[in-house]
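See below for the structure under consideration.
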Amino acid sequence: MLIGEVARRSGVSTRMLRHYDALGLVRPTGRTGGGYREYADEDIRRIFHVESLRTLGLSLRRIGRVLEDPGFAPSALIGELVRETEGRLSREQELLTRLRAVEASEPSGWEEVLRIVELLHGLGSPNAARRQQAVLAPTAGVPVRLLAEMILAESDPNVAGALRWALARADHDAVASLAPGLGSENVDARRRAVMALAEIPGDEAAAALADAIEDPDTTVRGHAALALGARGMPEAAPTLVGMVVDGANDVEAAEVLGTLARDPGRAGRIRNALVDGLAAHRGDLAVRMRLVQALAEMPGAVALEVLRRLAHDDDRAVARTASSFARMIEEEQAHDGTRDIADP
């Protein structure tokens with residue numbers, strides 16, 4: 001079969017077939033009397049092998065080595081190609097992120113484009129201090145979407161804190177930009193997203209945090225509950241009580257519960273939830289001690305009766321701690337009463 005017919009049937013151009021011949025990759029078996037290349041069936045099969053290997057990203061020289069080595073084992077090469085392709089995709093994704101960031105900044109001229117590119121270079125530095133410096137630079141002006149993407153990926157706590165600080169001061173789209181993180185399958189991304197949302201004021205952030213309080217990860221739920229409780233949202237209370245029981249950020253959780261309990265409409269329910277926890281964990285001293293300490297964070301009028309009762313608990317450690325807290329509250333109340341009488 002002559003080269004023109006091979007090109008039509010294989011879809012490989014005559015120019016490329018000649019290139020294959022020059023490289024020794026696919027040499028036609030014969031020649032016609034006029035000197036034209038003549039391909040046998042085996043040559044055509046080799047052309048298809050070459051084209052198939054090209055679709056995997058192999059260079060022509062690599063393909064030649066593969067086809068000439070009868071003992072070639074493909075697994076090592078395929079693994080190498082996978083790593084090369086992953087690296088190429090990563091570089092392409094970085095480029096796409098950079099281009100989107102420049103686009104989002106709506107530059108007015110090339111000077112503005114160059115400023116954003118310089119900023120992105122700093123944010124992409126392997127040095128954490130350099131990344132933090134880039135975020136905090138007075139002229140940074142990092143686009144909101146890029147800030148959110150970096151927050152979801154940043155593992156250094158100082159850089160992450162600077163990024164959250166910058167995002168919390170963004171004038172729009174901050175919550176929407178973090179939404180992909182809240183829905184991520186990567187638990188670290190969800191944790192970073194909820195920590196960033198906790199620092200963003202407003203109803204939109206609160207609504208996102210309310211959704212995060214249902215997250216399957218205890219850390220995500222805990223961050224959401226602490227943030228919601230600090231904003232006076234009562235739906236955080238059950239999760240906060242659970243944090244006290246589990247010993248996860250229990251001191252912070254107890255303080256936030258105490259703040260929520262300043263509202264008389266919530267105080268009774270929170271106190272009862274803590275009392276129920278004491279009854280449910282009667283044999284676990286560590287849990288009961290944390291619950292007693294949480295009760296002590298509540299307004300005195302709400303907690304005093306329970307603490308007086310616990311002063312007679314069967315567990316001496318619980319009884320001593322509850323008695324001590326009860327005395328402190330009684331002394332504070334007595335002091336406040338004396339001051340009220342003395343003050344005109």
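Residue numbering restarts at 1 for every chain of the structure tokens, chains are lettered A, B, ... in their displayed order, and ligands are numbered from 1 as they appear.
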Residues at most 8 Å from A:Ala261, counting only C-alpha atoms, excluding those fewer than 4 positions away in the same chain, as a ChimeraX atom specification?
-> /A:257,266-268,270,298-299
Extract, using only C-alpha atoms, all DNA, RNA and protein residues at most 8 Å from A:His223, discarding same-chain residues fewer than 3 positions from it, and format them as an mmCIF file with C-alpha atoms, in the first residue's frame.
data_model
loop_
_atom_site.group_PDB
_atom_site.id
_atom_site.type_symbol
_atom_site.label_atom_id
_atom_site.label_comp_id
_atom_site.auth_asym_id
_atom_site.auth_seq_id
_atom_site.Cartn_x
_atom_site.Cartn_y
_atom_site.Cartn_z
ATOM 1 C CA ARG A 191 -12.757 23.376 58.556
ATOM 2 C CA VAL A 194 -16.068 27.579 58.647
ATOM 3 C CA MET A 195 -13.219 29.316 60.506
ATOM 4 C CA ALA A 198 -16.801 32.779 61.813
ATOM 5 C CA THR A 219 -14.506 20.160 64.403
ATOM 6 C CA VAL A 220 -16.585 21.892 61.732
ATOM 7 C CA LEU A 226 -18.958 28.745 68.835
ATOM 8 C CA ALA A 227 -19.443 31.406 66.169
#
Name the residues in contact with A:Leu285 at a cut-off of 12 Å, using only C-alpha atoms, excluding same-chain residues fewer than 3 positions from it; report them as a list in words.
->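 Neighbouring residues, sequence-local ones excluded: Val245, Gly277, Leu278, Ala279, Ala280, His281, Arg282, Arg288, Met289, Arg290, Leu291, Val292, Asp313, Asp314, Asp315, Arg316, Ala317, Val318, Ala319 and Thr321 of chain A.
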Applying 9 Å and only C-alpha atoms, which residues near A:Leu240 remain after dropping the ones on its own chain fewer than 4 positions away? List them as a short mmCIF file (atom, residue, chain, number, x, y, z; two decimals) with N, CA, C and O atoms, in the first residue's frame.
data_model
loop_
_atom_site.label_atom_id
_atom_site.label_comp_id
_atom_site.auth_asym_id
_atom_site.auth_seq_id
_atom_site.Cartn_x
_atom_site.Cartn_y
_atom_site.Cartn_z
N GLY A 222 -18.14 22.26 65.73
CA GLY A 222 -17.72 23.04 66.89
C GLY A 222 -17.42 24.49 66.55
O GLY A 222 -17.85 25.40 67.25
N ALA A 225 -20.71 26.23 65.91
CA ALA A 225 -21.48 26.46 67.13
C ALA A 225 -20.90 27.61 67.95
O ALA A 225 -21.64 28.45 68.47
N LEU A 226 -19.58 27.65 68.08
CA LEU A 226 -18.96 28.75 68.83
C LEU A 226 -19.26 30.09 68.19
O LEU A 226 -19.56 31.08 68.88
N GLY A 229 -23.07 30.83 68.63
CA GLY A 229 -23.36 31.17 70.02
C GLY A 229 -22.87 32.56 70.37
O GLY A 229 -23.56 33.32 71.08
N ALA A 236 -27.24 27.03 68.56
CA ALA A 236 -25.90 26.50 68.83
C ALA A 236 -25.82 25.74 70.15
O ALA A 236 -24.89 24.96 70.37
N VAL A 244 -18.90 20.44 75.61
CA VAL A 244 -18.52 20.37 77.02
C VAL A 244 -18.40 18.90 77.45
O VAL A 244 -17.43 18.50 78.10
N VAL A 245 -19.38 18.11 77.07
CA VAL A 245 -19.37 16.69 77.43
C VAL A 245 -18.16 15.99 76.83
O VAL A 245 -17.46 15.22 77.51
N ASP A 250 -13.99 22.77 75.33
CA ASP A 250 -15.06 22.83 76.33
C ASP A 250 -15.06 24.16 77.10
O ASP A 250 -16.13 24.64 77.49
N GLU A 252 -14.18 27.18 75.95
CA GLU A 252 -14.82 28.18 75.09
C GLU A 252 -16.32 27.92 74.99
O GLU A 252 -17.13 28.85 75.04
N ALA A 253 -16.68 26.63 74.84
CA ALA A 253 -18.10 26.29 74.73
C ALA A 253 -18.86 26.70 75.98
O ALA A 253 -19.98 27.23 75.90
N ALA A 254 -18.26 26.48 77.15
CA ALA A 254 -18.93 26.84 78.41
C ALA A 254 -19.10 28.36 78.51
O ALA A 254 -20.16 28.85 78.95
N VAL A 256 -19.41 30.48 76.02
CA VAL A 256 -20.46 30.91 75.09
C VAL A 256 -21.83 30.52 75.62
O VAL A 256 -22.80 31.29 75.50
N LEU A 257 -21.94 29.34 76.23
CA LEU A 257 -23.21 28.95 76.84
C LEU A 257 -23.61 29.93 77.94
O LEU A 257 -24.79 30.29 78.08
#
Write down as a PyMOL selection string the residues belonging to stretch 226-339 of chain A that are assigned helix (DSSP H, G or I) by DSSP computed on the backbone.
-> chain A and resi 226-230+234-246+250-260+264-280+285-296+300-310+316-339
In Å, rounded to a single decimal, give me how far atom CA of A:Tyr36 is from atom CA of A:Leu67.
->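 Going from atom CA of A:Leu67 over to atom CA of A:Tyr36, I get 24.9 Å.
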Non-local contacts of A:Gly122 (10 Å; only C-alpha atoms; under 6 positions in same chain excluded) as a compact mmCIF listing (two decimals) with all heavy atoms, in the first residue's frame:
# COMPACT_ATOMS: atom_id res chain seq x y z
N ILE A 116 -1.12 42.85 40.07
CA ILE A 116 -1.81 41.64 40.50
C ILE A 116 -0.92 40.41 40.31
O ILE A 116 -0.87 39.51 41.17
CB ILE A 116 -3.14 41.47 39.72
CG1 ILE A 116 -4.12 42.58 40.12
CG2 ILE A 116 -3.76 40.10 39.98
CD1 ILE A 116 -4.59 42.50 41.56
N ALA A 128 6.18 30.68 53.94
CA ALA A 128 4.96 31.14 54.60
C ALA A 128 5.03 32.63 54.96
O ALA A 128 4.04 33.36 54.82
CB ALA A 128 4.70 30.31 55.86
N ALA A 129 6.19 33.08 55.44
CA ALA A 129 6.33 34.50 55.80
C ALA A 129 6.14 35.40 54.58
O ALA A 129 5.53 36.47 54.68
CB ALA A 129 7.70 34.74 56.42
N ARG A 130 6.62 34.95 53.44
CA ARG A 130 6.45 35.73 52.20
C ARG A 130 4.98 35.79 51.81
O ARG A 130 4.49 36.85 51.38
CB ARG A 130 7.28 35.10 51.08
CG ARG A 130 7.13 35.77 49.72
CD ARG A 130 7.81 37.12 49.68
NE ARG A 130 7.62 37.79 48.41
CZ ARG A 130 6.60 38.59 48.12
NH1 ARG A 130 5.67 38.82 49.03
NH2 ARG A 130 6.51 39.16 46.95
N ARG A 131 4.26 34.69 51.97
CA ARG A 131 2.83 34.68 51.65
C ARG A 131 2.06 35.61 52.58
O ARG A 131 1.18 36.36 52.14
CB ARG A 131 2.26 33.26 51.75
CG ARG A 131 2.86 32.28 50.75
CD ARG A 131 2.02 31.04 50.56
NE ARG A 131 1.78 30.28 51.77
CZ ARG A 131 2.61 29.40 52.30
NH1 ARG A 131 3.79 29.17 51.73
NH2 ARG A 131 2.30 28.71 53.40
N GLN A 132 2.40 35.56 53.86
CA GLN A 132 1.72 36.43 54.83
C GLN A 132 2.00 37.90 54.52
O GLN A 132 1.09 38.74 54.58
CB GLN A 132 2.19 36.09 56.24
CG GLN A 132 1.45 36.86 57.33
CD GLN A 132 1.91 36.44 58.71
OE1 GLN A 132 2.97 35.84 58.87
NE2 GLN A 132 1.14 36.78 59.73
N GLN A 133 3.23 38.20 54.17
CA GLN A 133 3.60 39.58 53.83
C GLN A 133 2.81 40.07 52.61
O GLN A 133 2.36 41.22 52.56
CB GLN A 133 5.10 39.65 53.54
CG GLN A 133 5.61 41.05 53.22
CD GLN A 133 7.09 41.04 52.90
OE1 GLN A 133 7.67 39.99 52.63
NE2 GLN A 133 7.71 42.19 52.93
N ALA A 134 2.62 39.18 51.63
CA ALA A 134 1.88 39.55 50.42
C ALA A 134 0.43 39.88 50.75
O ALA A 134 -0.15 40.82 50.20
CB ALA A 134 1.95 38.42 49.39
N VAL A 135 -0.18 39.12 51.67
CA VAL A 135 -1.58 39.37 52.05
C VAL A 135 -1.72 40.70 52.78
O VAL A 135 -2.67 41.46 52.54
CB VAL A 135 -2.12 38.23 52.95
CG1 VAL A 135 -3.54 38.55 53.41
CG2 VAL A 135 -2.09 36.91 52.21
Shell around A:Ala301 at 9 Å using only C-alpha atoms, local window under 4 positions removed, as a PyMOL selection string = chain A and resi 305+329+333
Could you state the separation of atom CA of A:Ala294 and atom CA of A:Arg271 in Å, given to one decimal place?
-> 9.2 Å
Tell me which protein, DNA and RNA residues are within 12 Å of stretch 87-96 of chain A, counting only C-alpha atoms, leaving out same-chain ones fewer than 2 positions away, and put them as a count of residues only.
-> 21
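Distances from A:Val302, A:Leu114, A:Met233, A:Ala76 to A:Arg269 were compared using only C-alpha atoms, and the smallest one belongs to A:Val302.
When only C-alpha atoms are used to compute distances to A:Val175, the closest of the residues A:Arg18, A:Pro201, A:Asp156, A:Val187 turns out to be A:Pro201.
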